[in-house]
>>> print(open('query_4.tsv').read())   # TSV, C-alpha atoms
chain	number	residue	atom	x	y	z
A	1	MET	CA	-47.26	-45.05	125.99
A	2	TRP	CA	-45.29	-41.83	126.48
A	3	TRP	CA	-45.71	-41.70	130.20
A	4	ARG	CA	-44.19	-45.16	130.59
A	5	ARG	CA	-40.99	-43.77	129.18
A	6	THR	CA	-40.99	-40.44	131.02
A	7	LEU	CA	-42.28	-41.51	134.46
A	8	PRO	CA	-39.03	-43.18	135.56
A	9	ALA	CA	-37.12	-40.04	134.68
A	10	VAL	CA	-39.61	-37.87	136.58
A	11	VAL	CA	-39.41	-40.15	139.61
A	12	ALA	CA	-35.62	-40.06	139.53
A	13	LEU	CA	-35.63	-36.26	139.20
A	14	LEU	CA	-38.01	-35.89	142.15
A	15	ALA	CA	-35.88	-38.21	144.27
A	16	VAL	CA	-32.66	-36.39	143.47
A	17	SER	CA	-34.26	-32.99	144.07
A	18	GLY	CA	-35.77	-34.15	147.36
A	19	LEU	CA	-32.47	-35.53	148.58
A	20	GLY	CA	-30.75	-32.31	147.55
A	21	LEU	CA	-33.23	-30.15	149.47
A	22	ILE	CA	-32.93	-32.34	152.57
A	23	THR	CA	-29.14	-32.04	152.40
A	24	VAL	CA	-29.44	-28.28	152.13
A	25	GLY	CA	-31.93	-28.25	154.99
A	26	LEU	CA	-29.63	-30.23	157.26
A	27	THR	CA	-26.54	-28.14	156.53
A	28	ALA	CA	-28.05	-24.67	156.19
A	29	GLU	CA	-26.05	-21.74	157.54
A	30	PRO	CA	-28.14	-19.32	159.58
A	31	THR	CA	-28.78	-15.92	158.01
A	32	ARG	CA	-26.41	-13.56	159.77
A	33	PRO	CA	-26.93	-9.81	160.09
A	34	PRO	CA	-24.60	-7.37	158.32
A	35	ARG	CA	-21.70	-6.08	160.34
A	36	PRO	CA	-20.45	-2.50	160.06
A	37	PRO	CA	-16.87	-2.21	158.82
A	38	ALA	CA	-14.35	-1.99	161.63
A	39	ASP	CA	-13.00	1.23	160.16
A	40	ALA	CA	-16.42	2.79	159.59
A	41	PRO	CA	-15.93	6.54	159.80
A	42	THR	CA	-17.73	8.60	162.39
A	43	ARG	CA	-18.79	11.95	161.08
A	44	SER	CA	-18.52	14.61	163.70
A	45	ARG	CA	-21.08	17.22	162.76
A	46	PRO	CA	-21.80	20.47	164.53
A	47	ALA	CA	-25.26	20.29	166.02
A	48	PRO	CA	-27.59	22.55	164.02
A	49	ASP	CA	-29.21	25.42	165.82
A	50	LEU	CA	-32.51	23.72	166.62
A	51	ALA	CA	-34.61	24.50	169.65
A	52	PRO	CA	-34.97	21.39	171.82
A	53	LEU	CA	-38.42	19.81	171.88
A	54	ALA	CA	-40.51	19.07	174.95
A	55	ARG	CA	-40.80	15.47	176.08
A	56	ALA	CA	-43.12	13.30	173.98
A	57	ALA	CA	-42.95	9.54	173.53
A	58	PRO	CA	-41.90	8.34	170.07
A	59	VAL	CA	-44.46	6.23	168.24
A	60	ARG	CA	-42.83	5.34	164.91
A	61	VAL	CA	-39.34	5.12	163.40
A	62	GLN	CA	-38.54	5.17	159.70
A	63	ILE	CA	-35.15	4.47	158.13
A	64	PRO	CA	-35.61	4.70	154.36
A	65	ALA	CA	-32.08	3.50	153.53
A	66	ILE	CA	-32.77	0.03	154.96
A	67	GLY	CA	-36.54	-0.11	154.55
A	68	VAL	CA	-37.47	0.19	158.22
A	69	ARG	CA	-40.90	1.48	159.20
A	70	ALA	CA	-41.74	0.32	162.68
A	71	GLU	CA	-43.98	1.03	165.62
A	72	ILE	CA	-42.33	1.92	168.92
A	73	VAL	CA	-43.24	0.78	172.43
A	74	ALA	CA	-41.73	2.00	175.71
A	75	VAL	CA	-39.24	-0.29	177.46
A	76	GLY	CA	-37.30	-0.11	180.73
A	77	VAL	CA	-34.93	-2.52	182.40
A	78	ASP	CA	-35.46	-5.98	183.88
A	79	ALA	CA	-34.87	-6.98	187.49
A	80	ALA	CA	-31.16	-7.45	186.78
A	81	GLY	CA	-30.83	-3.92	185.41
A	82	VAL	CA	-30.47	-5.02	181.78
A	83	LEU	CA	-32.20	-3.05	179.03
A	84	GLU	CA	-35.51	-4.62	178.03
A	85	VAL	CA	-36.37	-5.28	174.41
A	86	PRO	CA	-39.82	-5.77	172.84
A	87	PRO	CA	-41.10	-9.37	173.09
A	88	LEU	CA	-39.67	-11.81	170.53
A	89	ASP	CA	-43.16	-12.54	169.23
A	90	LYS	CA	-43.28	-8.91	168.05
A	91	PRO	CA	-40.03	-8.78	166.07
A	92	THR	CA	-41.15	-5.86	163.91
A	93	VAL	CA	-41.57	-3.48	166.86
A	94	ALA	CA	-38.83	-1.22	168.26
A	95	GLY	CA	-38.47	-0.16	171.90
A	96	TRP	CA	-37.83	3.30	173.36
A	97	TYR	CA	-35.78	3.48	176.56
A	98	ARG	CA	-38.30	5.42	178.64
A	99	HIS	CA	-35.88	6.34	181.46
A	100	GLY	CA	-33.91	8.46	179.02
A	101	VAL	CA	-34.90	11.52	177.00
A	102	SER	CA	-37.39	11.40	174.14
A	103	PRO	CA	-36.25	12.02	170.55
A	104	GLY	CA	-35.86	15.77	170.05
A	105	GLU	CA	-35.13	16.60	173.68
A	106	THR	CA	-31.60	17.63	174.59
A	107	GLY	CA	-29.66	14.42	175.22
A	108	ASN	CA	-29.45	11.01	173.63
A	109	ALA	CA	-32.72	9.15	173.02
A	110	VAL	CA	-32.26	5.38	172.80
A	111	LEU	CA	-34.21	2.96	170.58
A	112	VAL	CA	-33.63	-0.80	170.71
A	113	GLY	CA	-34.87	-3.52	168.37
A	114	HIS	CA	-34.29	-7.19	167.64
A	115	VAL	CA	-31.90	-8.19	164.89
A	116	ASP	CA	-33.72	-11.48	164.35
A	117	SER	CA	-36.20	-13.87	165.88
A	118	PRO	CA	-37.15	-17.52	165.37
A	119	ALA	CA	-39.27	-16.26	162.46
A	120	GLY	CA	-36.25	-14.73	160.67
A	121	PRO	CA	-34.79	-11.22	160.33
A	122	ALA	CA	-36.35	-8.63	162.64
A	123	VAL	CA	-36.84	-4.86	162.69
A	124	PHE	CA	-33.17	-3.81	163.06
A	125	PHE	CA	-31.60	-6.67	161.05
A	126	ASP	CA	-29.95	-4.30	158.57
A	127	LEU	CA	-28.78	-1.68	161.07
A	128	GLY	CA	-25.17	-2.65	160.32
A	129	ARG	CA	-25.67	-1.46	156.72
A	130	LEU	CA	-26.37	2.15	157.73
A	131	ARG	CA	-23.69	4.66	156.86
A	132	ALA	CA	-22.88	8.21	157.94
A	133	GLY	CA	-25.13	10.76	156.29
A	134	GLN	CA	-28.24	8.58	156.02
A	135	GLU	CA	-31.41	9.76	157.71
A	136	ILE	CA	-33.71	8.43	160.43
A	137	GLN	CA	-37.17	9.89	161.03
A	138	VAL	CA	-38.94	9.54	164.35
A	139	THR	CA	-42.61	10.41	164.74
A	140	ARG	CA	-43.61	11.47	168.24
A	141	ALA	CA	-46.88	11.28	170.14
A	142	ASP	CA	-47.31	15.04	169.66
A	143	ALA	CA	-47.34	14.41	165.86
A	144	ARG	CA	-43.98	16.08	165.33
A	145	VAL	CA	-41.52	14.29	163.07
A	146	THR	CA	-37.87	14.69	164.01
A	147	THR	CA	-35.08	13.86	161.58
A	148	PHE	CA	-31.71	12.53	162.67
A	149	THR	CA	-28.64	12.05	160.49
A	150	VAL	CA	-26.32	9.10	161.08
A	151	ASP	CA	-22.86	10.03	162.41
A	152	GLY	CA	-21.51	6.49	162.58
A	153	VAL	CA	-22.26	2.79	163.12
A	154	HIS	CA	-20.08	0.59	165.32
A	155	ALA	CA	-20.00	-2.90	166.80
A	156	TYR	CA	-19.07	-3.36	170.47
A	157	PRO	CA	-18.62	-6.53	172.51
A	158	LYS	CA	-21.48	-6.64	174.98
A	159	ASP	CA	-19.04	-6.74	177.89
A	160	HIS	CA	-17.51	-3.49	176.64
A	161	PHE	CA	-20.73	-1.68	175.87
A	162	PRO	CA	-20.15	2.11	175.66
A	163	SER	CA	-22.81	3.10	178.22
A	164	GLY	CA	-21.52	6.65	178.50
A	165	LEU	CA	-21.74	7.28	174.75
A	166	VAL	CA	-25.19	5.70	174.51
A	167	TYR	CA	-26.99	6.83	177.66
A	168	GLY	CA	-24.75	9.64	178.87
A	169	PRO	CA	-25.59	13.32	178.79
A	170	ALA	CA	-25.21	15.40	175.62
A	171	ASP	CA	-25.49	19.06	174.75
A	172	ALA	CA	-27.64	18.46	171.66
A	173	ALA	CA	-30.50	16.14	170.64
A	174	GLY	CA	-29.08	12.78	169.61
A	175	LEU	CA	-30.39	9.33	168.81
A	176	ARG	CA	-28.90	5.93	169.52
A	177	LEU	CA	-30.17	2.75	167.86
A	178	ILE	CA	-29.15	-0.57	169.39
A	179	THR	CA	-29.42	-4.13	168.17
A	180	CYS	CA	-27.38	-7.34	168.31
A	181	GLY	CA	-24.65	-8.42	165.93
A	182	GLY	CA	-21.37	-10.23	165.48
A	183	PRO	CA	-20.97	-13.98	166.03
A	184	PHE	CA	-23.81	-15.94	167.64
A	185	ASP	CA	-22.82	-17.85	170.76
A	186	ASP	CA	-24.80	-21.11	170.78
A	187	ALA	CA	-23.76	-21.79	174.37
A	188	THR	CA	-25.38	-18.63	175.73
A	189	GLY	CA	-28.04	-18.23	173.04
A	190	ASN	CA	-26.95	-14.64	172.43
A	191	TYR	CA	-25.01	-12.59	169.93
A	192	VAL	CA	-21.62	-11.51	171.19
A	193	ASP	CA	-21.81	-7.88	170.07
A	194	ASN	CA	-24.16	-4.95	170.04
A	195	ILE	CA	-24.45	-2.74	166.97
A	196	VAL	CA	-24.89	0.94	167.87
A	197	VAL	CA	-25.94	3.69	165.48
A	198	PHE	CA	-25.01	7.23	166.53
A	199	ALA	CA	-27.11	10.04	165.04
A	200	THR	CA	-27.68	13.78	165.57
A	201	ARG	CA	-30.91	15.69	165.12
A	202	THR	CA	-30.79	17.75	161.93
A	203	ALA	CA	-34.44	18.75	161.41
B	1	MET	CA	-14.50	7.36	181.87
B	2	LYS	CA	-15.29	10.95	181.13
B	3	VAL	CA	-15.64	13.21	184.13
B	4	SER	CA	-18.60	15.54	184.31
B	5	THR	CA	-18.05	18.87	185.88
B	6	ALA	CA	-20.16	21.96	186.24
B	7	LEU	CA	-18.85	25.28	187.31
B	8	CYS	CA	-20.90	27.06	189.92
B	9	SER	CA	-21.02	30.21	187.93
B	10	ALA	CA	-20.00	31.59	184.60
B	11	ALA	CA	-16.38	32.45	184.08
B	12	LEU	CA	-17.07	36.15	184.16
B	13	GLY	CA	-19.05	35.85	187.35
B	14	VAL	CA	-16.33	33.83	188.98
B	15	GLY	CA	-13.76	36.33	187.91
B	16	LEU	CA	-15.74	39.20	189.39
B	17	GLY	CA	-16.38	37.19	192.55
B	18	THR	CA	-12.71	36.52	192.93
B	19	LEU	CA	-11.97	40.17	192.55
B	20	LEU	CA	-14.62	41.16	195.08
B	21	LEU	CA	-13.76	38.39	197.53
B	22	PRO	CA	-10.03	37.86	197.38
B	23	GLY	CA	-10.21	34.87	199.70
B	24	ALA	CA	-12.70	33.00	197.55
B	25	ALA	CA	-11.46	30.33	195.16
B	26	LEU	CA	-13.05	28.75	192.09
B	27	ALA	CA	-15.54	26.26	193.47
B	28	ASP	CA	-16.78	23.24	191.62
B	29	THR	CA	-18.25	19.80	192.03
B	30	VAL	CA	-17.14	16.70	190.18
B	31	VAL	CA	-18.89	13.34	189.82
B	32	SER	CA	-16.77	10.45	188.57
B	33	PRO	CA	-17.64	8.50	186.52
B	34	ALA	CA	-20.31	10.60	184.86
B	35	THR	CA	-22.28	7.47	183.92
B	36	THR	CA	-22.62	4.30	185.94
B	37	PRO	CA	-24.58	1.10	185.47
B	38	VAL	CA	-27.28	0.82	188.13
B	39	GLY	CA	-25.70	-0.58	191.28
B	40	GLY	CA	-22.34	1.03	190.55
B	41	THR	CA	-20.56	3.56	192.71
B	42	VAL	CA	-19.77	7.17	191.87
B	43	VAL	CA	-17.43	9.48	193.74
B	44	LEU	CA	-18.70	12.96	194.56
B	45	THR	CA	-16.03	15.58	195.10
B	46	ALA	CA	-16.30	19.22	196.09
B	47	THR	CA	-12.85	20.14	194.93
B	48	THR	CA	-12.52	23.55	196.50
B	49	CYS	CA	-14.19	23.16	199.86
B	50	ASN	CA	-11.77	23.49	202.76
B	51	PRO	CA	-11.88	20.39	204.99
B	52	LYS	CA	-11.13	22.66	207.97
B	53	SER	CA	-14.41	24.50	207.36
B	54	GLY	CA	-16.47	21.44	208.21
B	55	ASP	CA	-18.45	18.73	206.45
B	56	VAL	CA	-19.59	19.03	202.88
B	57	ILE	CA	-23.24	18.25	202.08
B	58	PHE	CA	-23.95	16.80	198.63
B	59	ARG	CA	-27.64	17.07	197.76
B	60	VAL	CA	-28.57	14.37	195.25
B	61	THR	CA	-31.79	14.90	193.30
B	62	GLY	CA	-33.20	12.91	190.41
B	63	PRO	CA	-35.98	10.66	189.16
B	64	ASN	CA	-36.76	8.98	192.48
B	65	ARG	CA	-34.41	10.61	194.91
B	66	ASP	CA	-33.81	13.69	197.00
B	67	GLU	CA	-31.22	12.97	199.63
B	68	ASN	CA	-28.22	14.49	201.32
B	69	VAL	CA	-24.84	12.79	201.47
B	70	ARG	CA	-22.42	14.11	204.08
B	71	SER	CA	-18.66	13.96	203.64
B	72	THR	CA	-15.89	14.41	206.14
B	73	THR	CA	-13.29	12.72	203.93
B	74	ALA	CA	-10.55	14.84	202.47
B	75	ALA	CA	-10.01	14.14	198.79
B	76	ALA	CA	-6.53	13.33	197.52
B	77	GLY	CA	-6.63	16.15	195.00
B	78	GLY	CA	-8.13	18.69	197.38
B	79	GLY	CA	-11.57	19.32	198.81
B	80	LEU	CA	-13.82	16.62	200.21
B	81	SER	CA	-15.38	13.58	198.64
B	82	ALA	CA	-17.94	10.86	199.28
B	83	GLU	CA	-18.88	7.61	197.58
B	84	LEU	CA	-22.47	7.10	196.42
B	85	PHE	CA	-23.79	3.58	195.82
B	86	THR	CA	-26.52	3.54	193.14
B	87	ALA	CA	-28.27	0.27	193.95
B	88	GLY	CA	-32.02	0.90	193.91
B	89	PHE	CA	-31.70	4.10	191.90
B	90	THR	CA	-34.23	4.62	189.14
B	91	LEU	CA	-32.38	4.93	185.85
B	92	GLY	CA	-31.89	8.46	184.59
B	93	THR	CA	-29.88	11.61	185.23
B	94	TYR	CA	-29.23	12.99	188.71
B	95	THR	CA	-27.94	16.36	189.88
B	96	VAL	CA	-25.46	16.73	192.72
B	97	ALA	CA	-25.25	20.15	194.39
B	98	ALA	CA	-22.56	20.62	197.03
B	99	THR	CA	-22.45	23.00	199.98
B	100	CYS	CA	-19.19	23.56	201.82
B	101	GLY	CA	-18.91	23.50	205.58
B	102	ASP	CA	-18.82	27.28	205.69
B	103	GLY	CA	-22.20	27.41	203.94
B	104	SER	CA	-20.91	28.46	200.54
B	105	SER	CA	-22.12	26.77	197.41
B	106	ALA	CA	-19.65	24.48	195.69
B	107	GLY	CA	-21.60	24.23	192.47
B	108	SER	CA	-23.27	21.22	190.92
B	109	ALA	CA	-22.71	18.37	188.50
B	110	THR	CA	-24.75	15.58	186.96
B	111	PHE	CA	-24.36	11.86	186.55
B	112	THR	CA	-26.44	9.25	184.73
B	113	VAL	CA	-27.50	5.83	186.00
B	114	THR	CA	-27.70	3.46	183.02
B	115	PRO	CA	-28.80	-0.11	182.32
B	116	ILE	CA	-26.18	-2.82	182.82
B	117	GLY	CA	-24.24	-3.83	179.71
B	118	GLY	CA	-25.70	-4.14	176.24
B	119	ALA	CA	-29.06	-5.32	174.97
B	120	PRO	CA	-30.10	-8.95	174.35
B	121	ALA	CA	-31.73	-8.12	171.02
B	122	GLY	CA	-31.50	-11.29	168.93
B	123	SER	CA	-32.38	-14.96	169.00
B	124	GLY	CA	-30.03	-16.38	166.40
B	125	GLY	CA	-32.50	-16.32	163.54
B	126	ASP	CA	-34.78	-18.81	161.89
B	127	ASN	CA	-32.28	-21.68	161.51
B	128	ARG	CA	-29.88	-21.17	164.38
B	129	ASP	CA	-29.64	-24.96	164.91
B	130	GLY	CA	-28.22	-25.35	161.42
B	131	ARG	CA	-31.47	-26.73	159.98
B	132	ASP	CA	-33.68	-25.04	157.44
B	133	ALA	CA	-37.18	-26.28	158.19
B	134	GLY	CA	-38.55	-25.02	154.88
B	135	ALA	CA	-35.97	-26.89	152.80
B	136	LEU	CA	-36.44	-30.03	154.88
B	137	ALA	CA	-40.22	-29.94	154.38
B	138	ALA	CA	-39.90	-29.36	150.62
B	139	GLY	CA	-37.31	-32.12	150.29
B	140	GLY	CA	-39.49	-34.54	152.22
B	141	THR	CA	-42.46	-33.76	149.99
B	142	LEU	CA	-40.44	-34.37	146.81
B	143	LEU	CA	-39.03	-37.61	148.17
B	144	GLY	CA	-42.51	-38.79	149.13
B	145	THR	CA	-43.81	-38.00	145.66
B	146	ALA	CA	-40.90	-39.86	144.10
B	147	ALA	CA	-41.62	-42.87	146.31
B	148	ALA	CA	-45.27	-42.85	145.27
B	149	GLY	CA	-44.23	-42.70	141.60
B	150	ALA	CA	-41.85	-45.60	142.11
B	151	VAL	CA	-44.65	-47.70	143.56
B	152	VAL	CA	-46.86	-46.95	140.56
B	153	LEU	CA	-44.04	-47.86	138.18
B	154	PHE	CA	-43.32	-51.07	140.05
B	155	ARG	CA	-46.97	-52.18	139.91
B	156	ARG	CA	-47.36	-51.32	136.22
B	157	ARG	CA	-44.29	-53.31	135.25
B	158	ARG	CA	-45.06	-56.37	137.39
B	159	PRO	CA	-46.02	-59.33	135.08
B	160	VAL	CA	-49.69	-60.27	135.18
B	161	SER	CA	-50.12	-63.53	137.04
B	162	THR	CA	-52.50	-66.17	135.80
B	163	VAL	CA	-54.73	-68.32	137.90
B	164	ALA	CA	-54.22	-71.96	137.30
>>> encode(input="query_4.tsv", output="structure tokens")
Amino acid sequence: MWWRRTLPAVVALLAVSGLGLITVGLTAEPTRPPRPPADAPTRSRPAPDLAPLARAAPVRVQIPAIGVRAEIVAVGVDAAGVLEVPPLDKPTVAGWYRHGVSPGETGNAVLVGHVDSPAGPAVFFDLGRLRAGQEIQVTRADARVTTFTVDGVHAYPKDHFPSGLVYGPADAAGLRLITCGGPFDDATGNYVDNIVVFATRTA
Amino acid sequence: MKVSTALCSAALGVGLGTLLLPGAALADTVVSPATTPVGGTVVLTATTCNPKSGDVIFRVTGPNRDENVRSTTAAAGGGLSAELFTAGFTLGTYTVAATCGDGSSAGSATFTVTPIGGAPAGSGGDNRDGRDAGALAAGGTLLGTAAAGAVVLFRRRRPVSTVA
């Protein structure tokens, strides 16, 4: 019968395929987030003549260039003074640093999001792919949508985080997006770098 | 670190004031650094106050604070200065307004209290231990199926025994 001749081949194929998948499973390299080029240009643009907005919490962020459309929750700092991030079981949510200004106010508003979680890539996984000139839209609780244009994307070691550039005062409305990047340190369970996107309000 | 400075009045106003009051000098207040992680120290300096005129009062106002810091310490570059320790400060931007010992305003400046360091915004991904659970499960299923097929083959090919 035909199956007597083909069954051994099918069994052998299944065994080889199974062994191959197990080998792949045991030696898989983790999916690593994109890293901005070290020489990524920073576009210095004159701030357009836009009247600053009143304070209103952001509720949604959209970044069409990398397919981000995420809800935003307010975050603060933990007991050690480190910036909080949304819980890992909500990897698709971004956080707004509520002690700073809101998007559209004069100053730099700060949004933070996970690069990945145990479930895989998270909301800001592709932040390192953003380039100068691409747009970010933030919807606020007052229903206004503010548009920011990327000035630059850079990676910084966490122990040399540019706090002044991220949280410091500014004369115009800016936006800072933060996530993790660079090599993953298995000993500490953390990425070594932070990826920071610098953007200026343009509409 | 960038130094934040705020002049007490516009350049024109200062110029007129200097003309009207020949003894008056350009007064300003400097906070260095302009941003500090919470718990850090900033130095407040009223650069043009005369130490001989008495203590300088720095009024610090911000998200959870309205306090006066008194200085009797002459600054190396002129004026008077005081250190401000930011432990317990709510994060945000604070304004420092200085008044010289003679009662004149020495202007104001701002500084920002920030979180410490960067953000812990990643877990290492879905296979950070170097194992892809999906591939392992699929491989195990295929191997199990192959084993079951081998058993069937083995039984079909075994010679039929006869009972004596």
>>> atom_distance(input="query_4.tsv", atom1="atom CA of A:Arg98", atom2="atom CA of A:Ala56")
10.3 Å
>>> atom_distance(input="query_4.tsv", atom1="atom CA of A:Ala80", atom2="atom CA of A:Leu111")
19.5 Å
>>> residues_near_point(input="query_4.tsv", point="(-27.7, 17.0, 193.4)", cutoff="6 Å", atoms="only C-alpha atoms", output="MDAnalysis selection string")
chainID B and resid 59:61 95:97
>>> residues_around(input="query_4.tsv", residues="B:Ala87", least_positions_apart="4", cutoff="12 Å", atoms="all atoms listed in the file", output="list in words")
Ala79, Ala80 and Gly81 of chain A; Thr36, Pro37, Val38, Gly39, Gly40, Thr41, Val42, Leu91, Val113, Thr114, Pro115 and Ile116 of chain B
>>> write_last_selection(input="query_4.tsv", atoms="C-alpha atoms", output="compact mmCIF listing (two decimals), keeping the file's coordinate frame")
# COMPACT_ATOMS: atom_id res chain seq x y z
CA ALA A 79 -34.87 -6.98 187.49
CA ALA A 80 -31.16 -7.45 186.78
CA GLY A 81 -30.83 -3.92 185.41
CA THR B 36 -22.62 4.30 185.94
CA PRO B 37 -24.58 1.10 185.47
CA VAL B 38 -27.28 0.82 188.13
CA GLY B 39 -25.70 -0.58 191.28
CA GLY B 40 -22.34 1.03 190.55
CA THR B 41 -20.56 3.56 192.71
CA VAL B 42 -19.77 7.17 191.87
CA LEU B 91 -32.38 4.93 185.85
CA VAL B 113 -27.50 5.83 186.00
CA THR B 114 -27.70 3.46 183.02
CA PRO B 115 -28.80 -0.11 182.32
CA ILE B 116 -26.18 -2.82 182.82
>>> closest_residue(input="query_4.tsv", among="A:Leu83, A:Ile66, A:Ala74, A:Leu53", to="A:Phe125", atoms="only C-alpha atoms")
A:Ile66
>>> residues_around(input="query_4.tsv", residues="A:Glu135", least_positions_apart="3", cutoff="9 Å", atoms="all atoms listed in the file", output="list in words")
Gln62, Ile63, Pro64, Ala65, Ala132, Thr147, Phe148, Thr149, Val150 and Ala199 of chain A
>>> residues_around(input="query_4.tsv", residues="B:Gly54", least_positions_apart="5", cutoff="9 Å", atoms="only C-alpha atoms", output="ChimeraX atom specification")
/B:49,72,100-102
>>> decode(input="query_4.tsv", residues="stretch 61-133 of chain B", atoms="C-alpha atoms", output="PDB file, in the first residue's frame")
ATOM      1  CA  THR B  61       8.719  78.957  45.332  1.00  0.00           C
ATOM      2  CA  GLY B  62       7.489  75.963  43.377  1.00  0.00           C
ATOM      3  CA  PRO B  63       5.220  72.928  43.310  1.00  0.00           C
ATOM      4  CA  ASN B  64       5.313  72.183  47.038  1.00  0.00           C
ATOM      5  CA  ARG B  65       7.488  74.896  48.464  1.00  0.00           C
ATOM      6  CA  ASP B  66       7.568  78.510  49.534  1.00  0.00           C
ATOM      7  CA  GLU B  67      10.570  79.132  51.711  1.00  0.00           C
ATOM      8  CA  ASN B  68      13.301  81.656  52.332  1.00  0.00           C
ATOM      9  CA  VAL B  69      16.982  80.790  52.248  1.00  0.00           C
ATOM     10  CA  ARG B  70      19.319  83.288  53.910  1.00  0.00           C
ATOM     11  CA  SER B  71      22.911  83.771  52.803  1.00  0.00           C
ATOM     12  CA  THR B  72      25.775  85.485  54.515  1.00  0.00           C
ATOM     13  CA  THR B  73      28.406  83.790  52.353  1.00  0.00           C
ATOM     14  CA  ALA B  74      30.321  85.891  49.890  1.00  0.00           C
ATOM     15  CA  ALA B  75      30.530  84.252  46.478  1.00  0.00           C
ATOM     16  CA  ALA B  76      33.908  83.828  44.809  1.00  0.00           C
ATOM     17  CA  GLY B  77      32.789  85.704  41.714  1.00  0.00           C
ATOM     18  CA  GLY B  78      31.030  88.472  43.616  1.00  0.00           C
ATOM     19  CA  GLY B  79      27.751  88.788  45.474  1.00  0.00           C
ATOM     20  CA  LEU B  80      26.443  86.226  47.935  1.00  0.00           C
ATOM     21  CA  SER B  81      25.495  82.601  47.525  1.00  0.00           C
ATOM     22  CA  ALA B  82      23.798  79.740  49.329  1.00  0.00           C
ATOM     23  CA  GLU B  83      23.478  76.013  48.735  1.00  0.00           C
ATOM     24  CA  LEU B  84      20.015  74.466  48.467  1.00  0.00           C
ATOM     25  CA  PHE B  85      19.544  70.737  49.060  1.00  0.00           C
ATOM     26  CA  THR B  86      16.583  69.368  47.068  1.00  0.00           C
ATOM     27  CA  ALA B  87      15.817  66.190  49.019  1.00  0.00           C
ATOM     28  CA  GLY B  88      12.053  66.013  49.540  1.00  0.00           C
ATOM     29  CA  PHE B  89      11.312  68.470  46.754  1.00  0.00           C
ATOM     30  CA  THR B  90       8.395  67.637  44.500  1.00  0.00           C
ATOM     31  CA  LEU B  91       9.663  67.333  40.948  1.00  0.00           C
ATOM     32  CA  GLY B  92       9.092  70.355  38.754  1.00  0.00           C
ATOM     33  CA  THR B  93      10.320  73.887  38.164  1.00  0.00           C
ATOM     34  CA  TYR B  94      11.063  76.334  40.977  1.00  0.00           C
ATOM     35  CA  THR B  95      11.613  80.089  40.962  1.00  0.00           C
ATOM     36  CA  VAL B  96      14.265  81.771  43.079  1.00  0.00           C
ATOM     37  CA  ALA B  97      13.839  85.502  43.743  1.00  0.00           C
ATOM     38  CA  ALA B  98      16.651  87.260  45.594  1.00  0.00           C
ATOM     39  CA  THR B  99      16.544  90.374  47.753  1.00  0.00           C
ATOM     40  CA  CYS B 100      19.776  92.097  48.714  1.00  0.00           C
ATOM     41  CA  GLY B 101      20.546  93.204  52.243  1.00  0.00           C
ATOM     42  CA  ASP B 102      19.715  96.791  51.352  1.00  0.00           C
ATOM     43  CA  GLY B 103      16.212  95.714  50.327  1.00  0.00           C
ATOM     44  CA  SER B 104      16.744  95.956  46.585  1.00  0.00           C
ATOM     45  CA  SER B 105      15.590  93.205  44.288  1.00  0.00           C
ATOM     46  CA  ALA B 106      18.313  91.061  42.768  1.00  0.00           C
ATOM     47  CA  GLY B 107      16.083  89.486  40.161  1.00  0.00           C
ATOM     48  CA  SER B 108      15.023  85.877  39.798  1.00  0.00           C
ATOM     49  CA  ALA B 109      15.955  82.615  38.122  1.00  0.00           C
ATOM     50  CA  THR B 110      14.483  79.146  37.785  1.00  0.00           C
ATOM     51  CA  PHE B 111      15.728  75.620  38.270  1.00  0.00           C
ATOM     52  CA  THR B 112      14.143  72.232  37.627  1.00  0.00           C
ATOM     53  CA  VAL B 113      14.146  69.198  39.909  1.00  0.00           C
ATOM     54  CA  THR B 114      14.149  66.067  37.740  1.00  0.00           C
ATOM     55  CA  PRO B 115      13.896  62.302  38.205  1.00  0.00           C
ATOM     56  CA  ILE B 116      17.144  60.449  38.865  1.00  0.00           C
ATOM     57  CA  GLY B 117      18.850  58.979  35.798  1.00  0.00           C
ATOM     58  CA  GLY B 118      17.078  57.372  32.874  1.00  0.00           C
ATOM     59  CA  ALA B 119      13.983  55.218  32.631  1.00  0.00           C
ATOM     60  CA  PRO B 120      13.803  51.440  33.177  1.00  0.00           C
ATOM     61  CA  ALA B 121      11.596  50.900  30.131  1.00  0.00           C
ATOM     62  CA  GLY B 122      12.333  47.376  28.925  1.00  0.00           C
ATOM     63  CA  SER B 123      12.410  43.784  30.105  1.00  0.00           C
ATOM     64  CA  GLY B 124      14.683  42.170  27.547  1.00  0.00           C
ATOM     65  CA  GLY B 125      11.923  40.882  25.304  1.00  0.00           C
ATOM     66  CA  ASP B 126      10.137  37.608  24.827  1.00  0.00           C
ATOM     67  CA  ASN B 127      13.196  35.318  24.720  1.00  0.00           C
ATOM     68  CA  ARG B 128      15.753  37.124  26.832  1.00  0.00           C
ATOM     69  CA  ASP B 129      16.986  33.792  28.267  1.00  0.00           C
ATOM     70  CA  GLY B 130      17.999  32.682  24.780  1.00  0.00           C
ATOM     71  CA  ARG B 131      15.032  30.313  24.404  1.00  0.00           C
ATOM     72  CA  ASP B 132      12.162  30.705  21.997  1.00  0.00           C
ATOM     73  CA  ALA B 133       9.210  29.058  23.706  1.00  0.00           C
TER      74      ALA B 133
END
